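Engineer: Enclosed is the structure file query.cif (mmCIF, N, CA and C atoms).
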```cif
data_my_file
#
loop_
_atom_site.group_PDB
_atom_site.id
_atom_site.type_symbol
_atom_site.label_atom_id
_atom_site.label_comp_id
_atom_site.auth_asym_id
_atom_site.auth_seq_id
_atom_site.Cartn_x
_atom_site.Cartn_y
_atom_site.Cartn_z
ATOM 1 N N MET A 249 -94.036 187.643 136.362
ATOM 2 C CA MET A 249 -93.357 188.505 137.315
ATOM 3 C C MET A 249 -92.189 189.164 136.583
ATOM 4 N N PRO A 250 -92.037 190.457 136.711
ATOM 5 C CA PRO A 250 -90.941 191.149 136.025
ATOM 6 C C PRO A 250 -89.580 190.698 136.571
ATOM 7 N N TRP A 251 -88.610 190.744 135.677
ATOM 8 C CA TRP A 251 -87.260 190.288 136.017
ATOM 9 C C TRP A 251 -86.666 191.079 137.178
ATOM 10 N N SER A 252 -86.859 192.377 137.230
ATOM 11 C CA SER A 252 -86.277 193.195 138.297
ATOM 12 C C SER A 252 -86.824 192.793 139.663
ATOM 13 N N LYS A 253 -88.089 192.429 139.730
ATOM 14 C CA LYS A 253 -88.686 192.002 140.996
ATOM 15 C C LYS A 253 -88.127 190.645 141.421
ATOM 16 N N MET A 254 -87.986 189.722 140.469
ATOM 17 C CA MET A 254 -87.406 188.409 140.780
ATOM 18 C C MET A 254 -85.963 188.546 141.238
ATOM 19 N N LYS A 255 -85.241 189.439 140.580
ATOM 20 C CA LYS A 255 -83.847 189.668 140.942
ATOM 21 C C LYS A 255 -83.748 190.167 142.388
ATOM 22 N N ASN A 256 -84.623 191.087 142.761
ATOM 23 C CA ASN A 256 -84.609 191.614 144.132
ATOM 24 C C ASN A 256 -84.951 190.532 145.148
ATOM 25 N N ILE A 257 -85.899 189.671 144.814
ATOM 26 C CA ILE A 257 -86.267 188.576 145.714
ATOM 27 C C ILE A 257 -85.089 187.618 145.896
ATOM 28 N N ILE A 258 -84.423 187.295 144.801
ATOM 29 C CA ILE A 258 -83.259 186.406 144.872
ATOM 30 C C ILE A 258 -82.154 187.036 145.716
ATOM 31 N N LEU A 259 -81.918 188.322 145.545
ATOM 32 C CA LEU A 259 -80.884 189.012 146.333
ATOM 33 C C LEU A 259 -81.226 189.009 147.828
ATOM 34 N N VAL A 260 -82.485 189.201 148.149
ATOM 35 C CA VAL A 260 -82.898 189.171 149.561
ATOM 36 C C VAL A 260 -82.701 187.780 150.145
ATOM 37 N N ILE A 261 -83.077 186.756 149.386
ATOM 38 C CA ILE A 261 -82.886 185.376 149.862
ATOM 39 C C ILE A 261 -81.407 185.091 150.092
ATOM 40 N N LEU A 262 -80.554 185.508 149.168
ATOM 41 C CA LEU A 262 -79.111 185.297 149.326
ATOM 42 C C LEU A 262 -78.556 186.064 150.532
ATOM 43 N N ALA A 263 -79.027 187.280 150.741
ATOM 44 C CA ALA A 263 -78.563 188.076 151.883
ATOM 45 C C ALA A 263 -78.964 187.416 153.206
ATOM 46 N N VAL A 264 -80.193 186.936 153.286
ATOM 47 C CA VAL A 264 -80.661 186.268 154.504
ATOM 48 C C VAL A 264 -79.862 184.987 154.746
ATOM 49 N N THR A 265 -79.595 184.242 153.686
ATOM 50 C CA THR A 265 -78.795 183.019 153.811
ATOM 51 C C THR A 265 -77.392 183.337 154.306
ATOM 52 N N ASN A 266 -76.781 184.364 153.748
ATOM 53 C CA ASN A 266 -75.442 184.758 154.186
ATOM 54 C C ASN A 266 -75.425 185.181 155.648
ATOM 55 N N LEU A 267 -76.422 185.903 156.082
ATOM 56 C CA LEU A 267 -76.490 186.314 157.491
ATOM 57 C C LEU A 267 -76.648 185.104 158.411
ATOM 58 N N ALA A 268 -77.467 184.151 158.004
ATOM 59 C CA ALA A 268 -77.659 182.955 158.822
ATOM 60 C C ALA A 268 -76.351 182.172 158.931
ATOM 61 N N LEU A 269 -75.651 182.038 157.818
ATOM 62 C CA LEU A 269 -74.365 181.331 157.856
ATOM 63 C C LEU A 269 -73.341 182.077 158.703
ATOM 64 N N LEU A 270 -73.339 183.390 158.619
ATOM 65 C CA LEU A 270 -72.424 184.193 159.438
ATOM 66 C C LEU A 270 -72.690 183.979 160.922
ATOM 67 N N VAL A 271 -73.949 183.938 161.299
ATOM 68 C CA VAL A 271 -74.302 183.704 162.705
ATOM 69 C C VAL A 271 -73.845 182.317 163.146
ATOM 70 N N LEU A 272 -74.074 181.312 162.312
ATOM 71 C CA LEU A 272 -73.668 179.948 162.667
ATOM 72 C C LEU A 272 -72.156 179.820 162.814
ATOM 73 N N VAL A 273 -71.423 180.348 161.847
ATOM 74 C CA VAL A 273 -69.960 180.246 161.891
ATOM 75 C C VAL A 273 -69.403 181.081 163.035
ATOM 76 N N GLY A 274 -69.939 182.272 163.230
ATOM 77 C CA GLY A 274 -69.484 183.122 164.325
ATOM 78 C C GLY A 274 -69.731 182.486 165.678
ATOM 79 N N GLY A 275 -70.888 181.858 165.836
ATOM 80 C CA GLY A 275 -71.204 181.189 167.103
ATOM 81 C C GLY A 275 -70.260 180.043 167.388
ATOM 82 N N ARG A 276 -69.934 179.287 166.348
ATOM 83 C CA ARG A 276 -68.996 178.175 166.542
ATOM 84 C C ARG A 276 -67.596 178.680 166.847
ATOM 85 N N ALA A 277 -67.187 179.779 166.236
ATOM 86 C CA ALA A 277 -65.867 180.336 166.502
ATOM 87 C C ALA A 277 -65.775 180.820 167.951
ATOM 88 N N ILE A 278 -66.822 181.470 168.417
ATOM 89 C CA ILE A 278 -66.841 181.944 169.807
ATOM 90 C C ILE A 278 -66.824 180.760 170.764
ATOM 91 N N GLN A 279 -67.612 179.743 170.462
ATOM 92 C CA GLN A 279 -67.649 178.554 171.319
ATOM 93 C C GLN A 279 -66.284 177.866 171.339
ATOM 94 N N GLY A 280 -65.637 177.768 170.185
ATOM 95 C CA GLY A 280 -64.314 177.155 170.116
ATOM 96 C C GLY A 280 -63.296 177.930 170.930
ATOM 97 N N SER A 281 -63.379 179.246 170.873
ATOM 98 C CA SER A 281 -62.471 180.095 171.643
ATOM 99 C C SER A 281 -62.683 179.889 173.143
ATOM 100 N N ARG A 282 -63.939 179.797 173.551
ATOM 101 C CA ARG A 282 -64.242 179.575 174.972
ATOM 102 C C ARG A 282 -63.740 178.210 175.436
ATOM 103 N N LEU A 283 -63.921 177.187 174.590
ATOM 104 C CA LEU A 283 -63.457 175.853 174.953
ATOM 105 C C LEU A 283 -61.935 175.814 175.080
ATOM 106 N N LEU A 284 -61.247 176.500 174.172
ATOM 107 C CA LEU A 284 -59.791 176.551 174.232
ATOM 108 C C LEU A 284 -59.323 177.241 175.505
ATOM 109 N N SER A 285 -59.967 178.343 175.845
ATOM 110 C CA SER A 285 -59.619 179.066 177.062
ATOM 111 C C SER A 285 -59.884 178.204 178.293
ATOM 112 N N ARG A 286 -61.004 177.512 178.300
ATOM 113 C CA ARG A 286 -61.346 176.634 179.431
ATOM 114 C C ARG A 286 -60.342 175.495 179.559
ATOM 115 N N ALA A 287 -59.942 174.904 178.436
ATOM 116 C CA ALA A 287 -58.968 173.809 178.461
ATOM 117 C C ALA A 287 -57.622 174.305 178.988
ATOM 118 N N ARG A 288 -57.235 175.508 178.586
ATOM 119 C CA ARG A 288 -55.973 176.091 179.063
ATOM 120 C C ARG A 288 -56.017 176.280 180.581
ATOM 121 N N GLU A 289 -57.107 176.856 181.071
ATOM 122 C CA GLU A 289 -57.230 177.088 182.511
ATOM 123 C C GLU A 289 -57.283 175.770 183.289
ATOM 124 N N ASP A 290 -57.989 174.784 182.761
ATOM 125 C CA ASP A 290 -58.041 173.476 183.417
ATOM 126 C C ASP A 290 -56.657 172.830 183.464
ATOM 127 N N SER A 291 -55.893 172.977 182.395
ATOM 128 C CA SER A 291 -54.537 172.423 182.364
ATOM 129 C C SER A 291 -53.646 173.102 183.394
ATOM 130 N N ILE A 292 -53.768 174.413 183.496
ATOM 131 C CA ILE A 292 -52.967 175.152 184.475
ATOM 132 C C ILE A 292 -53.333 174.715 185.889
ATOM 133 N N GLN A 293 -54.627 174.571 186.164
ATOM 134 C CA GLN A 293 -55.056 174.123 187.486
ATOM 135 C C GLN A 293 -54.547 172.714 187.791
ATOM 136 N N PHE A 294 -54.585 171.842 186.798
ATOM 137 C CA PHE A 294 -54.099 170.483 186.977
ATOM 138 C C PHE A 294 -52.610 170.485 187.320
ATOM 139 N N LEU A 295 -51.820 171.256 186.573
ATOM 140 C CA LEU A 295 -50.376 171.298 186.820
ATOM 141 C C LEU A 295 -50.067 171.947 188.166
ATOM 142 N N ARG A 296 -50.800 172.976 188.528
ATOM 143 C CA ARG A 296 -50.589 173.591 189.849
ATOM 144 C C ARG A 296 -50.908 172.603 190.961
ATOM 145 N N GLY A 297 -51.932 171.796 190.753
ATOM 146 C CA GLY A 297 -52.273 170.767 191.738
ATOM 147 C C GLY A 297 -51.176 169.727 191.893
ATOM 148 N N ARG A 298 -50.374 169.555 190.851
ATOM 149 C CA ARG A 298 -49.256 168.612 190.886
ATOM 150 C C ARG A 298 -47.954 169.261 191.361
ATOM 151 N N GLY A 299 -48.036 170.544 191.722
ATOM 152 C CA GLY A 299 -46.861 171.223 192.274
ATOM 153 C C GLY A 299 -46.045 172.017 191.272
ATOM 154 N N TRP A 300 -46.488 172.156 190.058
ATOM 155 C CA TRP A 300 -45.761 172.941 189.073
ATOM 156 C C TRP A 300 -45.954 174.421 189.350
ATOM 157 N N ARG A 301 -44.891 175.177 189.259
ATOM 158 C CA ARG A 301 -44.954 176.628 189.423
ATOM 159 C C ARG A 301 -44.169 177.284 188.303
ATOM 160 N N TRP A 302 -44.689 178.354 187.749
ATOM 161 C CA TRP A 302 -43.999 179.121 186.721
ATOM 162 C C TRP A 302 -44.584 180.522 186.685
ATOM 163 N N THR A 303 -43.889 181.402 185.990
ATOM 164 C CA THR A 303 -44.363 182.785 185.866
ATOM 165 C C THR A 303 -44.728 183.020 184.398
ATOM 166 N N ARG A 304 -45.656 183.924 184.192
ATOM 167 C CA ARG A 304 -46.042 184.273 182.811
ATOM 168 C C ARG A 304 -45.027 185.232 182.230
ATOM 169 N N ALA A 305 -44.754 185.053 180.970
ATOM 170 C CA ALA A 305 -43.774 185.932 180.290
ATOM 171 C C ALA A 305 -44.442 187.175 179.772
#
```
What is this file in structure tokens?

Structural biologist:
Amino acid sequence: MPWSKMKNIILVILAVTNLALLVLVGGRAIQGSRLLSRAREDSIQFLRGRGWRWTRA
């Protein structure tokens, strides 16, 4: 197999691997952001249930 063809195959494999990793990391970042937002809202609801009141700055 000529070197140029092998090089192109290797580059395609690396590109596909990078895209897969980007999807995995991006999905976890989005999930982490959602969990943080949910925890914040749950905390606010808990404190409001206990009678805490405040205004947003």

Engineer: Would you mind reading off the distance between atom N of Arg288 (chain A) and CA of Arg304 (chain A), one decimal, in Å?

Structural biologist: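 If I compute the distance from atom N of Arg288 (chain A) to CA of Arg304 (chain A), I get 14.8 Å.
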
Engineer: Select from chain A everything DSSP, run on the backbone, classes as alpha helix (DSSP H), then give the selection as an MDAnalysis selection string.

Structural biologist: chainID A and resid 251:297

Engineer: May I have the residues from that selection written out with N, CA and C atoms, as a short mmCIF file (atom, residue, chain, number, x, y, z; two decimals), in the coordinates of the input?

Structural biologist:
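The resulting result_14.cif:
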```cif
data_model
loop_
_atom_site.label_atom_id
_atom_site.label_comp_id
_atom_site.auth_asym_id
_atom_site.auth_seq_id
_atom_site.Cartn_x
_atom_site.Cartn_y
_atom_site.Cartn_z
N TRP A 251 -88.61 190.74 135.68
CA TRP A 251 -87.26 190.29 136.02
C TRP A 251 -86.67 191.08 137.18
N SER A 252 -86.86 192.38 137.23
CA SER A 252 -86.28 193.20 138.30
C SER A 252 -86.82 192.79 139.66
N LYS A 253 -88.09 192.43 139.73
CA LYS A 253 -88.69 192.00 141.00
C LYS A 253 -88.13 190.64 141.42
N MET A 254 -87.99 189.72 140.47
CA MET A 254 -87.41 188.41 140.78
C MET A 254 -85.96 188.55 141.24
N LYS A 255 -85.24 189.44 140.58
CA LYS A 255 -83.85 189.67 140.94
C LYS A 255 -83.75 190.17 142.39
N ASN A 256 -84.62 191.09 142.76
CA ASN A 256 -84.61 191.61 144.13
C ASN A 256 -84.95 190.53 145.15
N ILE A 257 -85.90 189.67 144.81
CA ILE A 257 -86.27 188.58 145.71
C ILE A 257 -85.09 187.62 145.90
N ILE A 258 -84.42 187.30 144.80
CA ILE A 258 -83.26 186.41 144.87
C ILE A 258 -82.15 187.04 145.72
N LEU A 259 -81.92 188.32 145.54
CA LEU A 259 -80.88 189.01 146.33
C LEU A 259 -81.23 189.01 147.83
N VAL A 260 -82.48 189.20 148.15
CA VAL A 260 -82.90 189.17 149.56
C VAL A 260 -82.70 187.78 150.15
N ILE A 261 -83.08 186.76 149.39
CA ILE A 261 -82.89 185.38 149.86
C ILE A 261 -81.41 185.09 150.09
N LEU A 262 -80.55 185.51 149.17
CA LEU A 262 -79.11 185.30 149.33
C LEU A 262 -78.56 186.06 150.53
N ALA A 263 -79.03 187.28 150.74
CA ALA A 263 -78.56 188.08 151.88
C ALA A 263 -78.96 187.42 153.21
N VAL A 264 -80.19 186.94 153.29
CA VAL A 264 -80.66 186.27 154.50
C VAL A 264 -79.86 184.99 154.75
N THR A 265 -79.60 184.24 153.69
CA THR A 265 -78.80 183.02 153.81
C THR A 265 -77.39 183.34 154.31
N ASN A 266 -76.78 184.36 153.75
CA ASN A 266 -75.44 184.76 154.19
C ASN A 266 -75.42 185.18 155.65
N LEU A 267 -76.42 185.90 156.08
CA LEU A 267 -76.49 186.31 157.49
C LEU A 267 -76.65 185.10 158.41
N ALA A 268 -77.47 184.15 158.00
CA ALA A 268 -77.66 182.96 158.82
C ALA A 268 -76.35 182.17 158.93
N LEU A 269 -75.65 182.04 157.82
CA LEU A 269 -74.36 181.33 157.86
C LEU A 269 -73.34 182.08 158.70
N LEU A 270 -73.34 183.39 158.62
CA LEU A 270 -72.42 184.19 159.44
C LEU A 270 -72.69 183.98 160.92
N VAL A 271 -73.95 183.94 161.30
CA VAL A 271 -74.30 183.70 162.71
C VAL A 271 -73.84 182.32 163.15
N LEU A 272 -74.07 181.31 162.31
CA LEU A 272 -73.67 179.95 162.67
C LEU A 272 -72.16 179.82 162.81
N VAL A 273 -71.42 180.35 161.85
CA VAL A 273 -69.96 180.25 161.89
C VAL A 273 -69.40 181.08 163.04
N GLY A 274 -69.94 182.27 163.23
CA GLY A 274 -69.48 183.12 164.32
C GLY A 274 -69.73 182.49 165.68
N GLY A 275 -70.89 181.86 165.84
CA GLY A 275 -71.20 181.19 167.10
C GLY A 275 -70.26 180.04 167.39
N ARG A 276 -69.93 179.29 166.35
CA ARG A 276 -69.00 178.18 166.54
C ARG A 276 -67.60 178.68 166.85
N ALA A 277 -67.19 179.78 166.24
CA ALA A 277 -65.87 180.34 166.50
C ALA A 277 -65.78 180.82 167.95
N ILE A 278 -66.82 181.47 168.42
CA ILE A 278 -66.84 181.94 169.81
C ILE A 278 -66.82 180.76 170.76
N GLN A 279 -67.61 179.74 170.46
CA GLN A 279 -67.65 178.55 171.32
C GLN A 279 -66.28 177.87 171.34
N GLY A 280 -65.64 177.77 170.18
CA GLY A 280 -64.31 177.16 170.12
C GLY A 280 -63.30 177.93 170.93
N SER A 281 -63.38 179.25 170.87
CA SER A 281 -62.47 180.10 171.64
C SER A 281 -62.68 179.89 173.14
N ARG A 282 -63.94 179.80 173.55
CA ARG A 282 -64.24 179.58 174.97
C ARG A 282 -63.74 178.21 175.44
N LEU A 283 -63.92 177.19 174.59
CA LEU A 283 -63.46 175.85 174.95
C LEU A 283 -61.94 175.81 175.08
N LEU A 284 -61.25 176.50 174.17
CA LEU A 284 -59.79 176.55 174.23
C LEU A 284 -59.32 177.24 175.50
N SER A 285 -59.97 178.34 175.84
CA SER A 285 -59.62 179.07 177.06
C SER A 285 -59.88 178.20 178.29
N ARG A 286 -61.00 177.51 178.30
CA ARG A 286 -61.35 176.63 179.43
C ARG A 286 -60.34 175.50 179.56
N ALA A 287 -59.94 174.90 178.44
CA ALA A 287 -58.97 173.81 178.46
C ALA A 287 -57.62 174.30 178.99
N ARG A 288 -57.24 175.51 178.59
CA ARG A 288 -55.97 176.09 179.06
C ARG A 288 -56.02 176.28 180.58
N GLU A 289 -57.11 176.86 181.07
CA GLU A 289 -57.23 177.09 182.51
C GLU A 289 -57.28 175.77 183.29
N ASP A 290 -57.99 174.78 182.76
CA ASP A 290 -58.04 173.48 183.42
C ASP A 290 -56.66 172.83 183.46
N SER A 291 -55.89 172.98 182.40
CA SER A 291 -54.54 172.42 182.36
C SER A 291 -53.65 173.10 183.39
N ILE A 292 -53.77 174.41 183.50
CA ILE A 292 -52.97 175.15 184.48
C ILE A 292 -53.33 174.72 185.89
N GLN A 293 -54.63 174.57 186.16
CA GLN A 293 -55.06 174.12 187.49
C GLN A 293 -54.55 172.71 187.79
N PHE A 294 -54.58 171.84 186.80
CA PHE A 294 -54.10 170.48 186.98
C PHE A 294 -52.61 170.48 187.32
N LEU A 295 -51.82 171.26 186.57
CA LEU A 295 -50.38 171.30 186.82
C LEU A 295 -50.07 171.95 188.17
N ARG A 296 -50.80 172.98 188.53
CA ARG A 296 -50.59 173.59 189.85
C ARG A 296 -50.91 172.60 190.96
N GLY A 297 -51.93 171.80 190.75
CA GLY A 297 -52.27 170.77 191.74
C GLY A 297 -51.18 169.73 191.89
#
```

Engineer: Have a look at CA of Thr303 (chain A) and CA of Glu289 (chain A) and let me know their distance in Å, one decimal.

Structural biologist: 14.5 Å

Engineer: In Å to one decimal, how far is CA of Arg286 (chain A) from CA of Leu272 (chain A)?

Structural biologist: 21.1 Å

Engineer: Could region 291-302 of chain A be completed with all heavy atoms and returned as a short mmCIF file (atom, residue, chain, number, x, y, z; two decimals), keeping the file's coordinate frame?

Structural biologist:
```cif
data_model
loop_
_atom_site.label_atom_id
_atom_site.label_comp_id
_atom_site.auth_asym_id
_atom_site.auth_seq_id
_atom_site.Cartn_x
_atom_site.Cartn_y
_atom_site.Cartn_z
N SER A 291 -55.89 172.98 182.40
CA SER A 291 -54.54 172.42 182.36
C SER A 291 -53.65 173.10 183.39
O SER A 291 -52.86 172.44 184.09
CB SER A 291 -53.93 172.60 180.97
OG SER A 291 -54.67 171.91 180.01
N ILE A 292 -53.77 174.41 183.50
CA ILE A 292 -52.97 175.15 184.48
C ILE A 292 -53.33 174.72 185.89
O ILE A 292 -52.45 174.47 186.73
CB ILE A 292 -53.16 176.67 184.29
CG1 ILE A 292 -52.50 177.12 182.99
CG2 ILE A 292 -52.60 177.44 185.48
CD1 ILE A 292 -52.82 178.55 182.60
N GLN A 293 -54.63 174.57 186.16
CA GLN A 293 -55.06 174.12 187.49
C GLN A 293 -54.55 172.71 187.79
O GLN A 293 -54.12 172.42 188.91
CB GLN A 293 -56.58 174.16 187.59
CG GLN A 293 -57.17 175.55 187.64
CD GLN A 293 -56.73 176.31 188.89
OE1 GLN A 293 -56.33 175.74 189.90
NE2 GLN A 293 -56.79 177.62 188.80
N PHE A 294 -54.58 171.84 186.80
CA PHE A 294 -54.10 170.48 186.98
C PHE A 294 -52.61 170.48 187.32
O PHE A 294 -52.17 169.81 188.26
CB PHE A 294 -54.33 169.67 185.70
CG PHE A 294 -53.74 168.29 185.73
CD1 PHE A 294 -54.39 167.27 186.41
CD2 PHE A 294 -52.55 168.02 185.10
CE1 PHE A 294 -53.84 166.00 186.46
CE2 PHE A 294 -51.99 166.76 185.13
CZ PHE A 294 -52.64 165.74 185.81
N LEU A 295 -51.82 171.26 186.57
CA LEU A 295 -50.38 171.30 186.82
C LEU A 295 -50.07 171.95 188.17
O LEU A 295 -49.15 171.50 188.88
CB LEU A 295 -49.66 172.04 185.69
CG LEU A 295 -49.67 171.31 184.34
CD1 LEU A 295 -49.10 172.21 183.25
CD2 LEU A 295 -48.90 170.01 184.43
N ARG A 296 -50.80 172.98 188.53
CA ARG A 296 -50.59 173.59 189.85
C ARG A 296 -50.91 172.60 190.96
O ARG A 296 -50.25 172.59 191.99
CB ARG A 296 -51.45 174.84 189.99
CG ARG A 296 -50.90 176.01 189.25
CD ARG A 296 -51.72 177.26 189.49
NE ARG A 296 -51.15 178.38 188.76
CZ ARG A 296 -51.81 179.45 188.42
NH1 ARG A 296 -53.09 179.57 188.73
NH2 ARG A 296 -51.23 180.42 187.75
N GLY A 297 -51.93 171.80 190.75
CA GLY A 297 -52.27 170.77 191.74
C GLY A 297 -51.18 169.73 191.89
O GLY A 297 -51.05 169.08 192.93
N ARG A 298 -50.37 169.56 190.85
CA ARG A 298 -49.26 168.61 190.89
C ARG A 298 -47.95 169.26 191.36
O ARG A 298 -46.91 168.64 191.34
CB ARG A 298 -49.01 168.02 189.50
CG ARG A 298 -50.19 167.27 188.95
CD ARG A 298 -50.21 165.87 189.55
NE ARG A 298 -51.21 165.04 188.88
CZ ARG A 298 -52.26 164.52 189.49
NH1 ARG A 298 -52.45 164.76 190.77
NH2 ARG A 298 -53.10 163.79 188.84
N GLY A 299 -48.04 170.54 191.72
CA GLY A 299 -46.86 171.22 192.27
C GLY A 299 -46.04 172.02 191.27
O GLY A 299 -44.98 172.53 191.62
N TRP A 300 -46.49 172.16 190.06
CA TRP A 300 -45.76 172.94 189.07
C TRP A 300 -45.95 174.42 189.35
O TRP A 300 -47.05 174.89 189.65
CB TRP A 300 -46.27 172.64 187.68
CG TRP A 300 -45.80 171.33 187.12
CD1 TRP A 300 -46.01 170.12 187.65
CD2 TRP A 300 -45.04 171.14 185.94
NE1 TRP A 300 -45.46 169.16 186.86
CE2 TRP A 300 -44.84 169.75 185.80
CE3 TRP A 300 -44.51 171.99 184.97
CZ2 TRP A 300 -44.12 169.22 184.75
CZ3 TRP A 300 -43.81 171.45 183.94
CH2 TRP A 300 -43.61 170.10 183.82
N ARG A 301 -44.89 175.18 189.26
CA ARG A 301 -44.95 176.63 189.42
C ARG A 301 -44.17 177.28 188.30
O ARG A 301 -43.10 176.83 187.93
CB ARG A 301 -44.34 177.06 190.77
CG ARG A 301 -45.03 176.47 191.97
CD ARG A 301 -46.35 177.15 192.23
NE ARG A 301 -46.98 176.59 193.40
CZ ARG A 301 -48.16 176.01 193.39
NH1 ARG A 301 -48.83 175.92 192.28
NH2 ARG A 301 -48.69 175.51 194.47
N TRP A 302 -44.69 178.35 187.75
CA TRP A 302 -44.00 179.12 186.72
C TRP A 302 -44.58 180.52 186.68
O TRP A 302 -45.61 180.82 187.25
CB TRP A 302 -44.10 178.46 185.34
CG TRP A 302 -45.47 178.42 184.78
CD1 TRP A 302 -46.08 179.31 183.99
CD2 TRP A 302 -46.45 177.39 185.03
NE1 TRP A 302 -47.36 178.93 183.71
CE2 TRP A 302 -47.61 177.75 184.32
CE3 TRP A 302 -46.45 176.21 185.74
CZ2 TRP A 302 -48.76 176.97 184.35
CZ3 TRP A 302 -47.59 175.44 185.75
CH2 TRP A 302 -48.72 175.82 185.06
#
```
